[in-house]
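> work_35.tsv (TSV, C-alpha atoms and all ligand atoms) pasted underneath:
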chain	number	residue	atom	x	y	z
R	1	MET	CA	91.65	26.64	17.13
R	2	SER	CA	94.65	24.68	18.36
R	3	GLU	CA	94.62	23.16	21.81
R	4	SER	CA	96.26	26.05	23.62
R	5	GLN	CA	94.25	28.94	22.31
R	6	ILE	CA	91.51	29.62	24.84
R	7	VAL	CA	92.73	32.99	26.03
R	8	ILE	CA	90.23	34.47	28.43
R	9	PRO	CA	89.64	38.19	27.85
R	10	SER	CA	90.48	40.77	30.50
R	11	LEU	CA	87.79	42.21	32.74
R	12	SER	CA	87.67	45.46	30.74
R	13	GLU	CA	87.13	43.53	27.49
R	14	LEU	CA	84.43	41.38	29.09
R	15	GLN	CA	82.68	44.51	30.33
R	16	THR	CA	82.00	45.43	26.68
R	17	HIS	CA	79.90	42.26	26.20
R	18	ARG	CA	76.19	42.77	25.60
R	19	SER	CA	74.94	39.56	27.26
R	20	GLU	CA	72.81	39.45	30.40
R	21	LYS	CA	75.79	38.44	32.53
R	22	TRP	CA	77.65	41.62	31.63
R	23	ARG	CA	74.72	44.03	31.40
R	24	GLY	CA	72.80	42.90	34.45
R	25	PHE	CA	74.81	44.72	37.12
R	26	PRO	CA	76.44	48.11	37.72
R	27	HIS	CA	80.07	48.39	36.59
R	28	ASP	CA	81.53	48.14	40.09
R	29	VAL	CA	79.93	44.73	40.65
R	30	LEU	CA	81.95	41.69	39.53
R	31	PRO	CA	79.38	39.42	37.83
R	32	LEU	CA	79.61	35.64	38.30
R	33	PRO	CA	75.99	34.57	37.80
R	34	VAL	CA	74.20	33.36	34.59
R	35	ALA	CA	75.48	30.11	33.06
R	36	GLU	CA	77.62	31.39	30.23
R	37	MET	CA	81.39	31.19	29.84
R	38	ASP	CA	83.82	34.07	29.45
R	39	PHE	CA	85.78	32.04	26.86
R	40	PRO	CA	86.28	33.03	23.21
R	41	VAL	CA	84.12	30.99	20.87
R	42	ALA	CA	85.54	27.82	19.24
R	43	GLU	CA	87.16	28.47	15.86
R	44	PRO	CA	84.94	26.10	13.79
R	45	ILE	CA	81.87	27.91	15.13
R	46	ARG	CA	83.37	31.32	14.47
R	47	GLU	CA	84.20	30.24	10.91
R	48	VAL	CA	80.71	29.03	10.04
R	49	LEU	CA	79.12	32.17	11.50
R	50	ILE	CA	81.48	34.49	9.63
R	51	GLU	CA	80.88	32.57	6.42
R	52	MET	CA	77.11	32.81	6.78
R	53	VAL	CA	77.21	36.54	7.55
R	54	LYS	CA	79.65	37.20	4.69
R	55	THR	CA	77.37	35.45	2.22
R	56	SER	CA	74.20	36.96	3.73
R	57	ASP	CA	72.94	33.44	4.41
R	58	LEU	CA	70.59	34.59	7.16
R	59	GLY	CA	67.16	33.29	6.28
R	60	TYR	CA	64.82	30.84	8.00
R	61	LEU	CA	65.88	27.41	9.15
R	62	GLY	CA	64.77	24.69	6.75
R	63	SER	CA	65.75	21.08	6.44
R	64	ILE	CA	68.90	20.30	8.42
R	65	PRO	CA	69.75	16.59	8.45
R	66	GLU	CA	73.27	17.61	9.60
R	67	LEU	CA	71.86	18.31	13.07
R	68	GLY	CA	71.01	14.64	13.61
R	69	THR	CA	74.13	13.21	11.98
R	70	SER	CA	76.50	15.58	13.79
R	71	PHE	CA	74.91	14.94	17.19
R	72	ALA	CA	74.85	11.17	16.59
R	73	GLY	CA	78.57	11.28	15.75
R	74	PHE	CA	79.39	13.32	18.84
R	75	ALA	CA	77.25	11.15	21.12
R	76	LYS	CA	78.89	7.98	19.81
R	77	ARG	CA	82.44	9.29	20.18
R	78	ARG	CA	81.86	10.91	23.55
R	79	TRP	CA	79.49	8.53	25.33
R	80	ASN	CA	79.29	5.46	23.08
R	81	TRP	CA	75.58	6.26	22.61
R	82	THR	CA	74.13	5.01	19.32
R	83	LEU	CA	71.15	7.01	18.22
R	84	GLU	CA	69.06	7.42	15.10
R	85	PRO	CA	69.91	10.76	13.42
R	86	ALA	CA	66.40	10.98	11.94
R	87	PHE	CA	64.98	11.04	15.48
R	88	VAL	CA	66.76	14.34	16.29
R	89	ARG	CA	64.60	17.46	16.01
R	90	ALA	CA	65.50	21.12	16.23
R	91	ALA	CA	63.99	23.41	18.86
R	92	THR	CA	64.40	27.09	19.63
R	93	ASP	CA	66.11	26.39	22.92
R	94	VAL	CA	65.88	23.89	25.76
R	95	GLY	CA	63.21	25.96	27.52
R	96	VAL	CA	60.92	26.05	24.49
R	97	ALA	CA	61.53	22.34	23.89
R	98	VAL	CA	60.52	21.37	27.42
R	99	VAL	CA	57.43	23.59	27.34
R	100	GLU	CA	56.33	22.13	24.00
R	101	LEU	CA	56.97	18.59	25.24
R	102	LEU	CA	54.89	19.29	28.35
R	103	ARG	CA	52.12	20.49	26.03
R	104	VAL	CA	52.25	17.13	24.21
R	105	PHE	CA	52.27	14.93	27.31
R	106	THR	CA	50.24	16.86	29.89
R	107	LYS	CA	47.10	18.91	30.25
R	108	PRO	CA	46.73	21.72	32.81
R	109	GLY	CA	46.58	20.32	36.32
R	110	ASP	CA	48.57	17.15	35.54
R	111	ARG	CA	51.30	16.28	38.00
R	112	VAL	CA	54.94	16.86	37.03
R	113	LEU	CA	57.77	15.68	39.25
R	114	PHE	CA	61.09	17.42	39.80
R	115	SER	CA	63.64	17.51	42.60
R	116	SER	CA	64.71	20.79	44.15
R	117	PRO	CA	67.03	22.58	44.37
R	118	ILE	CA	66.75	22.88	40.60
R	119	TYR	CA	67.59	25.23	37.72
R	120	GLN	CA	65.09	28.03	38.24
R	121	ASN	CA	63.48	27.82	34.81
R	122	PHE	CA	62.12	24.37	35.59
R	123	TYR	CA	59.58	26.32	37.68
R	124	THR	CA	58.97	28.76	34.80
R	125	TRP	CA	58.33	25.94	32.34
R	126	MET	CA	55.87	24.19	34.67
R	127	ARG	CA	54.08	27.45	35.43
R	128	GLU	CA	53.83	28.24	31.73
R	129	THR	CA	52.06	24.95	31.08
R	130	ASN	CA	49.83	25.14	34.20
R	131	VAL	CA	50.82	21.73	35.49
R	132	GLU	CA	50.87	20.82	39.17
R	133	MET	CA	54.44	20.92	40.48
R	134	VAL	CA	55.38	17.89	42.56
R	135	ASP	CA	58.69	18.50	44.31
R	136	VAL	CA	60.61	15.57	45.79
R	137	PRO	CA	63.62	17.47	47.12
R	138	TYR	CA	67.11	16.03	47.19
R	139	LEU	CA	68.26	14.88	50.59
R	140	ILE	CA	71.27	16.56	52.12
R	141	ASP	CA	73.53	13.66	52.88
R	142	PRO	CA	76.90	14.42	54.48
R	143	ALA	CA	77.94	10.79	53.87
R	144	SER	CA	77.23	11.02	50.13
R	145	THR	CA	80.08	9.66	48.07
R	146	ASP	CA	79.26	11.48	44.83
R	147	GLY	CA	81.03	14.66	45.90
R	148	THR	CA	77.95	16.85	46.02
R	149	GLY	CA	76.56	15.89	49.41
R	150	TRP	CA	73.05	15.47	48.01
R	151	SER	CA	71.23	12.22	47.32
R	152	HIS	CA	68.01	11.10	45.66
R	153	ASP	CA	64.90	10.49	47.77
R	154	TRP	CA	64.00	7.20	46.14
R	155	SER	CA	61.03	6.42	48.33
R	156	GLY	CA	59.69	9.95	47.72
R	157	ILE	CA	60.12	9.50	43.97
R	158	GLU	CA	58.36	6.15	43.95
R	159	ALA	CA	55.53	7.46	46.12
R	160	ALA	CA	55.08	10.40	43.74
R	161	TYR	CA	55.06	8.08	40.72
R	162	LYS	CA	52.38	5.99	42.42
R	163	SER	CA	50.32	9.10	43.11
R	164	GLY	CA	49.77	9.71	39.40
R	165	VAL	CA	52.72	11.76	38.19
R	166	VAL	CA	52.56	12.11	34.39
R	167	VAL	CA	56.01	13.53	33.63
R	168	HIS	CA	59.32	13.48	35.52
R	169	LEU	CA	61.61	16.40	34.64
R	170	LEU	CA	65.17	15.28	35.14
R	171	CYS	CA	68.24	17.50	35.16
R	172	ASN	CA	71.28	15.37	34.32
R	173	PRO	CA	73.96	16.55	34.83
R	174	HIS	CA	72.45	18.68	37.53
R	175	ASN	CA	72.33	22.43	37.82
R	176	PRO	CA	72.99	23.74	40.48
R	177	LEU	CA	74.26	20.69	42.41
R	178	GLY	CA	76.92	19.64	39.89
R	179	LYS	CA	75.72	16.09	40.28
R	180	VAL	CA	75.96	13.48	37.51
R	181	TYR	CA	73.47	10.62	37.69
R	182	THR	CA	74.98	7.14	37.77
R	183	HIS	CA	74.04	4.30	35.46
R	184	GLU	CA	72.23	2.63	38.37
R	185	ASP	CA	70.28	5.83	39.22
R	186	LEU	CA	69.05	6.14	35.65
R	187	LEU	CA	68.18	2.46	35.29
R	188	ARG	CA	66.14	2.75	38.46
R	189	ILE	CA	64.28	5.82	37.16
R	190	ALA	CA	63.61	4.13	33.79
R	191	GLU	CA	62.32	1.00	35.47
R	192	LEU	CA	60.05	2.90	37.85
R	193	ALA	CA	58.81	5.13	35.03
R	194	LYS	CA	57.91	2.10	32.93
R	195	LYS	CA	56.14	0.48	35.87
R	196	HIS	CA	54.04	3.56	36.65
R	197	GLY	CA	53.53	4.94	33.14
R	198	VAL	CA	55.61	8.10	33.67
R	199	ILE	CA	57.30	10.02	30.83
R	200	VAL	CA	60.86	11.13	31.63
R	201	ILE	CA	62.13	14.34	30.02
R	202	SER	CA	65.87	14.45	30.55
R	203	ASP	CA	67.51	17.88	30.28
R	204	GLU	CA	71.10	17.01	29.34
R	205	ILE	CA	72.33	20.46	28.32
R	206	HIS	CA	75.36	20.34	30.66
R	207	ALA	CA	76.44	16.85	29.53
R	208	PRO	CA	79.34	17.87	27.25
R	209	LEU	CA	80.89	19.59	30.29
R	210	THR	CA	81.12	16.51	32.50
R	211	PHE	CA	84.49	15.83	34.17
R	212	GLU	CA	86.18	12.45	33.99
R	213	GLU	CA	85.70	11.07	37.49
R	214	GLN	CA	81.94	10.51	37.15
R	215	PRO	CA	81.18	9.71	33.48
R	216	PHE	CA	77.97	11.06	32.04
R	217	VAL	CA	75.38	8.47	31.00
R	218	PRO	CA	72.76	9.59	28.45
R	219	PHE	CA	69.33	8.51	29.67
R	220	LEU	CA	68.34	7.13	26.28
R	221	SER	CA	71.51	5.04	25.98
R	222	LEU	CA	70.36	2.70	28.74
R	223	GLY	CA	68.44	0.28	26.54
R	224	GLU	CA	65.56	-1.65	28.10
R	225	ASN	CA	62.88	0.75	29.38
R	226	ALA	CA	64.47	4.15	28.74
R	227	PRO	CA	63.68	4.45	24.99
R	228	GLU	CA	60.07	3.65	25.75
R	229	VAL	CA	59.60	6.26	28.51
R	230	GLY	CA	62.28	8.87	27.77
R	231	ILE	CA	62.99	11.94	25.69
R	232	THR	CA	66.22	13.94	25.84
R	233	VAL	CA	66.49	17.67	25.40
R	234	THR	CA	69.96	19.07	24.90
R	235	ALA	CA	72.00	21.62	22.97
R	236	ALA	CA	75.49	22.75	22.11
R	237	SER	CA	74.66	26.08	23.71
R	238	LYS	CA	76.08	25.33	27.17
R	239	GLY	CA	79.10	23.25	26.15
R	240	TRP	CA	80.25	25.69	23.49
R	241	ASN	CA	78.76	28.85	24.98
R	242	ILE	CA	76.44	29.85	22.16
R	243	ALA	CA	73.14	30.33	24.04
R	244	GLY	CA	72.47	33.60	22.22
R	245	LEU	CA	72.28	31.75	18.90
R	246	LYS	CA	69.06	29.89	19.83
R	247	CYS	CA	69.11	26.26	18.85
R	248	ALA	CA	68.51	23.09	20.88
R	249	ILE	CA	67.61	19.52	20.00
R	250	ILE	CA	65.04	16.97	21.09
R	251	VAL	CA	66.04	13.33	20.83
R	252	SER	CA	63.93	10.20	21.02
R	253	GLN	CA	65.09	6.61	20.78
R	254	SER	CA	62.11	4.48	19.73
R	255	GLN	CA	59.90	4.56	16.65
R	256	LYS	CA	56.83	4.87	18.85
R	257	MET	CA	58.16	7.87	20.76
R	258	HIS	CA	59.39	9.46	17.54
R	259	GLU	CA	55.89	9.21	16.09
R	260	LYS	CA	54.32	10.56	19.26
R	261	LEU	CA	56.59	13.60	18.96
R	262	ASN	CA	54.99	14.40	15.61
R	263	GLU	CA	52.36	16.05	17.81
R	264	LEU	CA	54.90	18.77	18.69
R	265	ALA	CA	54.12	22.18	17.26
R	266	PRO	CA	55.82	22.19	13.81
R	267	ALA	CA	56.72	25.86	14.27
R	268	MET	CA	59.23	24.87	16.94
R	269	HIS	CA	61.68	23.90	14.20
R	270	TYR	CA	61.33	27.18	12.30
R	271	ARG	CA	61.64	29.18	15.50
R	272	ALA	CA	65.20	27.94	15.96
R	273	SER	CA	67.79	30.15	14.33
R	274	LEU	CA	69.66	29.28	11.15
R	275	LEU	CA	72.90	30.60	12.63
R	276	GLY	CA	72.33	28.62	15.81
R	277	ALA	CA	71.58	25.40	13.99
R	278	PHE	CA	74.71	25.51	11.83
R	279	ALA	CA	76.86	26.66	14.75
R	280	THR	CA	75.50	23.62	16.61
R	281	VAL	CA	76.49	21.32	13.74
R	282	ALA	CA	80.00	22.85	13.75
R	283	ALA	CA	80.25	22.32	17.52
R	284	PHE	CA	79.24	18.67	17.40
R	285	GLU	CA	81.32	17.91	14.31
R	286	LYS	CA	84.48	19.89	14.91
R	287	GLY	CA	84.25	21.35	18.40
R	288	GLU	CA	85.79	18.61	20.54
R	289	PRO	CA	89.35	19.97	20.69
R	290	TRP	CA	87.97	23.27	22.01
R	291	LEU	CA	85.63	21.47	24.42
R	292	ASP	CA	88.49	19.38	25.81
R	293	GLN	CA	90.56	22.46	26.36
R	294	ALA	CA	87.66	24.27	28.04
R	295	LEU	CA	87.28	21.27	30.36
R	296	VAL	CA	90.95	21.48	31.36
R	297	ILE	CA	90.46	25.13	32.35
R	298	LEU	CA	87.20	24.42	34.16
R	299	ASP	CA	88.81	21.53	36.02
R	300	GLN	CA	91.59	23.85	37.23
R	301	ASN	CA	89.03	26.50	38.15
R	302	ARG	CA	86.82	24.18	40.21
R	303	HIS	CA	89.88	23.32	42.30
R	304	LEU	CA	90.97	26.96	42.45
R	305	VAL	CA	87.59	27.81	43.98
R	306	ALA	CA	88.17	25.11	46.61
R	307	ASN	CA	91.66	26.37	47.41
R	308	LEU	CA	90.59	30.00	47.66
R	309	ILE	CA	87.68	29.14	49.90
R	310	SER	CA	89.75	27.03	52.25
R	311	SER	CA	92.45	29.69	52.53
R	312	ARG	CA	90.35	32.89	52.51
R	313	VAL	CA	86.77	32.05	53.64
R	314	PRO	CA	86.87	28.57	55.20
R	315	SER	CA	83.41	28.95	56.71
R	316	ILE	CA	81.89	28.59	53.22
R	317	LYS	CA	81.04	24.96	52.44
R	318	TYR	CA	81.72	23.79	48.89
R	319	SER	CA	81.74	20.33	47.30
R	320	ILE	CA	83.63	20.19	44.03
R	321	PRO	CA	81.06	19.60	41.25
R	322	HIS	CA	81.32	16.71	38.80
R	323	CYS	CA	80.22	18.78	35.84
R	324	SER	CA	80.05	22.20	34.31
R	325	TYR	CA	81.18	25.46	35.88
R	326	LEU	CA	78.74	26.17	38.67
R	327	ALA	CA	79.92	26.11	42.27
R	328	TRP	CA	77.11	25.62	44.77
R	329	LEU	CA	78.29	27.41	47.89
R	330	ASP	CA	76.69	26.93	51.28
R	331	LEU	CA	76.93	30.22	53.19
R	332	SER	CA	74.87	29.17	56.19
R	333	ASN	CA	77.83	29.67	58.57
R	334	LEU	CA	78.13	33.31	57.53
R	335	ASN	CA	74.71	34.31	58.93
R	336	LEU	CA	73.91	36.64	56.05
R	337	GLY	CA	70.14	36.36	56.46
R	338	GLU	CA	67.41	35.29	54.05
R	339	ASP	CA	69.24	36.16	50.82
R	340	PRO	CA	73.03	35.94	51.13
R	341	GLY	CA	73.41	36.64	47.40
R	342	ALA	CA	71.82	40.08	47.76
R	343	VAL	CA	74.03	40.87	50.76
R	344	LEU	CA	77.16	39.97	48.79
R	345	ILE	CA	76.20	42.26	45.90
R	346	ASP	CA	75.61	45.07	48.33
R	347	ARG	CA	78.62	44.62	50.62
R	348	ALA	CA	81.24	42.84	48.51
R	349	LYS	CA	80.20	44.08	45.04
R	350	VAL	CA	80.22	40.57	43.66
R	351	ALA	CA	77.17	38.97	42.03
R	352	PHE	CA	76.24	35.30	42.17
R	353	ASN	CA	72.85	33.67	41.68
R	354	SER	CA	70.91	33.66	44.94
R	355	GLY	CA	70.20	30.12	46.07
R	356	HIS	CA	66.51	30.70	46.86
R	357	ILE	CA	65.64	30.84	43.13
R	358	TYR	CA	66.42	27.11	42.94
R	359	GLY	CA	63.96	26.26	45.71
R	360	GLU	CA	63.46	26.49	49.46
R	361	LEU	CA	66.48	24.28	50.23
R	362	GLY	CA	68.75	26.70	48.38
R	363	LYS	CA	68.08	29.66	50.66
R	364	SER	CA	71.46	29.75	52.37
R	365	TYR	CA	73.38	29.09	49.13
R	366	VAL	CA	74.72	31.06	46.19
R	367	ARG	CA	75.77	29.73	42.79
R	368	LEU	CA	79.12	30.95	41.52
R	369	ASN	CA	80.01	30.71	37.83
R	370	PHE	CA	83.71	29.82	37.55
R	371	ALA	CA	83.91	29.77	33.73
R	372	THR	CA	86.10	32.81	33.76
R	373	SER	CA	89.72	33.73	34.41
R	374	PRO	CA	91.56	32.70	37.57
R	375	ALA	CA	92.12	36.43	38.17
R	376	ILE	CA	88.38	37.16	38.23
R	377	ILE	CA	87.62	34.14	40.43
R	378	THR	CA	90.36	35.19	42.85
R	379	GLU	CA	89.12	38.78	42.93
R	380	ALA	CA	85.56	37.58	43.67
R	381	ILE	CA	86.62	35.47	46.66
R	382	GLU	CA	88.95	38.23	47.87
R	383	ARG	CA	86.09	40.73	47.78
R	384	ILE	CA	84.02	38.41	49.96
R	385	ALA	CA	86.90	37.74	52.35
R	386	ARG	CA	87.48	41.49	52.76
R	387	VAL	CA	83.96	42.30	53.93
R	388	LEU	CA	83.36	39.35	56.22
M	1	LIG	C1	69.76	22.66	33.22
M	1	LIG	C2	69.53	23.77	32.23
M	1	LIG	N1	68.60	23.63	31.29
M	1	LIG	C3	68.37	24.60	30.37
M	1	LIG	C4	69.09	25.77	30.40
M	1	LIG	C5	68.77	26.85	29.41
M	1	LIG	O1	68.76	26.38	28.13
M	1	LIG	P1	68.17	27.25	26.96
M	1	LIG	O2	68.84	28.57	26.99
M	1	LIG	O3	68.49	26.45	25.75
M	1	LIG	O4	66.70	27.34	27.21
M	1	LIG	C6	70.08	25.96	31.36
M	1	LIG	C7	70.84	27.21	31.40
M	1	LIG	O5	71.60	27.48	32.27
M	1	LIG	C8	70.30	24.93	32.30
M	1	LIG	O6	71.24	25.05	33.25
Could you render the structure as structure tokens?

Amino acid sequence: MSESQIVIPSLSELQTHRSEKWRGFPHDVLPLPVAEMDFPVAEPIREVLIEMVKTSDLGYLGSIPELGTSFAGFAKRRWNWTLEPAFVRAATDVGVAVVELLRVFTKPGDRVLFSSPIYQNFYTWMRETNVEMVDVPYLIDPASTDGTGWSHDWSGIEAAYKSGVVVHLLCNPHNPLGKVYTHEDLLRIAELAKKHGVIVISDEIHAPLTFEEQPFVPFLSLGENAPEVGITVTAASKGWNIAGLKCAIIVSQSQKMHEKLNELAPAMHYRASLLGAFATVAAFEKGEPWLDQALVILDQNRHLVANLISSRVPSIKYSIPHCSYLAWLDLSNLNLGEDPGAVLIDRAKVAFNSGHIYGELGKSYVRLNFATSPAIITEAIERIARVL
């Protein structure tokens, strides 16, 4: 695919899609929830999938050294992160990877730290493994300079570490806040984790979609303490929009951690999909031109959302995110009650994710997915403006 070929399908074409985003709501509701993009798939991924279907190469996933080498190449070019390809493992998806990692490092009742508001499946994963959830919420900080208006509660994090937290689940870059951790933030977490014997599982699935102004820093690239305490879980599924293909990766950075991860259920590898794994290799090896073009569109869209809000519904508060395609909208000035997302589906026929699923602090928010056409984004904001 050349650099100018992301042509976003029309609404009627998108309505034929079978994914959750397009099947989850009645036809008259414009759907902008669920983190998937309405962009056509990158050509190198399309080619490998077509080739595998044509040759009926659809069996189980076996050895795939290409996963490690392709990700190592991408990570080096993109973030100057040098990693050992042999330390990259396949997993079914990020969710399965985190659950299996929690099974390795915790037993039921152990304390696991996270900071809300947070991607809702963090709660699912912790519930599934019966750990005790320790929430140290982000602080709403109007003076924050990172664009999101939210900051870390460092004293809360340190107090939780001291209280016997076993694992810290990190979301970097952050869904739904659109926040990208700084080098200093991550060094501080690694240092504290080392001091208190905490394992850091860093979910970096949104990393390929980071915008330029706040560069993404891979946790394991920090040197010093991070390789000793950290594990990264990531995938090509968000960056290249192939979540339905089911493949993620788990990365470690020290021999000791790599050996510890031999305790992971071996079936996790075979439960990833062959199509997903080779699509992932194609994404990391040949998918950067597409990714760069997608980022140009997403960059325009994040500003379009800002412009539409300030001209049509200025009472909505929105800080432009530093990554990905999720706008975290504060609707508290609209007085739409306990669940503004439900009210907007009902009255405006536009669906976002309701903020309460990300935690108590999210109650007056909705999350809007702007990885779609400017026409659909404009229509969504217009629908809201019309009913308010
Ligand atoms: C932070 C984060 N982690 C994980 C996932 C889901 O990953 P997977 O489908 O590989 O489980 C998402 C999906 O939106 C996400 O935002």
> Of the candidates R:Glu204, R:Glu228, R:Glu36, R:Asp346, which shows the shortest atom-to-atom distance to Ile250 (chain R), using all atoms listed in the file?
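Closest to Ile250 (chain R) of all the choices is R:Glu204.
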> At a cut-off of 10 Å, using all atoms listed in the file, what residues contact Lys179 (chain R)? Leave out same-chain residues fewer than 2 positions from it and give the result as a list in words.
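Surrounding residues, per the criterion: Asp146, Gly147, Thr148, Gly149, Trp150, Ser151, Cys171, Asn172, Pro173, His174, Asn175, Pro176, Leu177, Tyr181, Thr182, Thr210, Gln214, Phe216, Ile320, Pro321, His322, Cys323 and Ser324 of chain R.
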> When you count all atoms listed in the file, which of these residues is closest to Ser364 (chain R): R:Val350, R:Ile316, R:Leu11, R:Ala385?
R:Ile316
> Which residues sit within 8 Å of ligand LIG 1 (chain M), counting all atoms listed in the file, listed as an mmCIF file with C-alpha atoms, in the frame of the given file?

data_model
loop_
_atom_site.group_PDB
_atom_site.id
_atom_site.type_symbol
_atom_site.label_atom_id
_atom_site.label_comp_id
_atom_site.auth_asym_id
_atom_site.auth_seq_id
_atom_site.Cartn_x
_atom_site.Cartn_y
_atom_site.Cartn_z
ATOM 1 C CA VAL R 34 74.200 33.360 34.590
ATOM 2 C CA ALA R 35 75.480 30.110 33.060
ATOM 3 C CA GLU R 36 77.620 31.390 30.230
ATOM 4 C CA THR R 92 64.400 27.090 19.630
ATOM 5 C CA ASP R 93 66.110 26.390 22.920
ATOM 6 C CA VAL R 94 65.880 23.890 25.760
ATOM 7 C CA GLY R 95 63.210 25.960 27.520
ATOM 8 C CA VAL R 96 60.920 26.050 24.490
ATOM 9 C CA ALA R 97 61.530 22.340 23.890
ATOM 10 C CA ILE R 118 66.750 22.880 40.600
ATOM 11 C CA TYR R 119 67.590 25.230 37.720
ATOM 12 C CA ASN R 121 63.480 27.820 34.810
ATOM 13 C CA PHE R 122 62.120 24.370 35.590
ATOM 14 C CA CYS R 171 68.240 17.500 35.160
ATOM 15 C CA ASN R 172 71.280 15.370 34.320
ATOM 16 C CA PRO R 173 73.960 16.550 34.830
ATOM 17 C CA HIS R 174 72.450 18.680 37.530
ATOM 18 C CA ASN R 175 72.330 22.430 37.820
ATOM 19 C CA PRO R 176 72.990 23.740 40.480
ATOM 20 C CA ASP R 203 67.510 17.880 30.280
ATOM 21 C CA GLU R 204 71.100 17.010 29.340
ATOM 22 C CA ILE R 205 72.330 20.460 28.320
ATOM 23 C CA HIS R 206 75.360 20.340 30.660
ATOM 24 C CA THR R 234 69.960 19.070 24.900
ATOM 25 C CA ALA R 235 72.000 21.620 22.970
ATOM 26 C CA SER R 237 74.660 26.080 23.710
ATOM 27 C CA LYS R 238 76.080 25.330 27.170
ATOM 28 C CA ALA R 243 73.140 30.330 24.040
ATOM 29 C CA GLY R 244 72.470 33.600 22.220
ATOM 30 C CA LYS R 246 69.060 29.890 19.830
ATOM 31 C CA CYS R 247 69.110 26.260 18.850
ATOM 32 C CA ALA R 248 68.510 23.090 20.880
#
> For a test of reading the model, state the distance in Å between CA of Glu285 (chain R) and CA of Asn301 (chain R), rounded to one decimal.
26.5 Å
> Using all atoms listed in the file, collect all residues at a distance of at most 12 Å from (90.8, 31.4, 46.8) as written in the file, then present them as a PyMOL selection string.
chain R and resi 301-314+316+370+374-385
> Would you compute the distance between CA of Val48 (chain R) and CA of Leu275 (chain R)? Give it in Å to one decimal.
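Going from CA of Val48 (chain R) over to CA of Leu275 (chain R), I get 8.4 Å.
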> With all atoms listed in the file as the atoms that count, which of R:Lys76, R:His168, R:Lys54, R:Lys194 lies nearest to Phe114 (chain R)?
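Comparing R:Lys76, R:His168, R:Lys54, R:Lys194 against Phe114 (chain R), the winner is R:His168.
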> Set the distance at 9 Å and use all atoms listed in the file: which residues neighbour Glu224 (chain R) once local chain neighbours fewer than 5 positions away are removed? I'd like the list as a PyMOL selection string.
chain R and resi 187+190-191
> Need the shell around Ala226 (chain R): protein/DNA/RNA residues with any atom at most 9 Å away, counting all atoms listed in the file. Skip same-chain ones fewer than 4 positions apart. Format as a PyMOL selection string?
chain R and resi 186-187+189-191+193-194+200+219-222+230-231+253
> Could you tell me how far CA of Asp339 (chain R) sits from CA of Ile357 (chain R), in Å to one decimal place?
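Between CA of Ile357 (chain R) and CA of Asp339 (chain R) the gap is 10.0 Å.
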> For Arg271 (chain R), which residue out of R:Thr232, R:Ala91, R:Glu158, R:Gly109 is the nearest one, using all atoms listed in the file?
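Under the stated criterion, the closest residue is R:Ala91.
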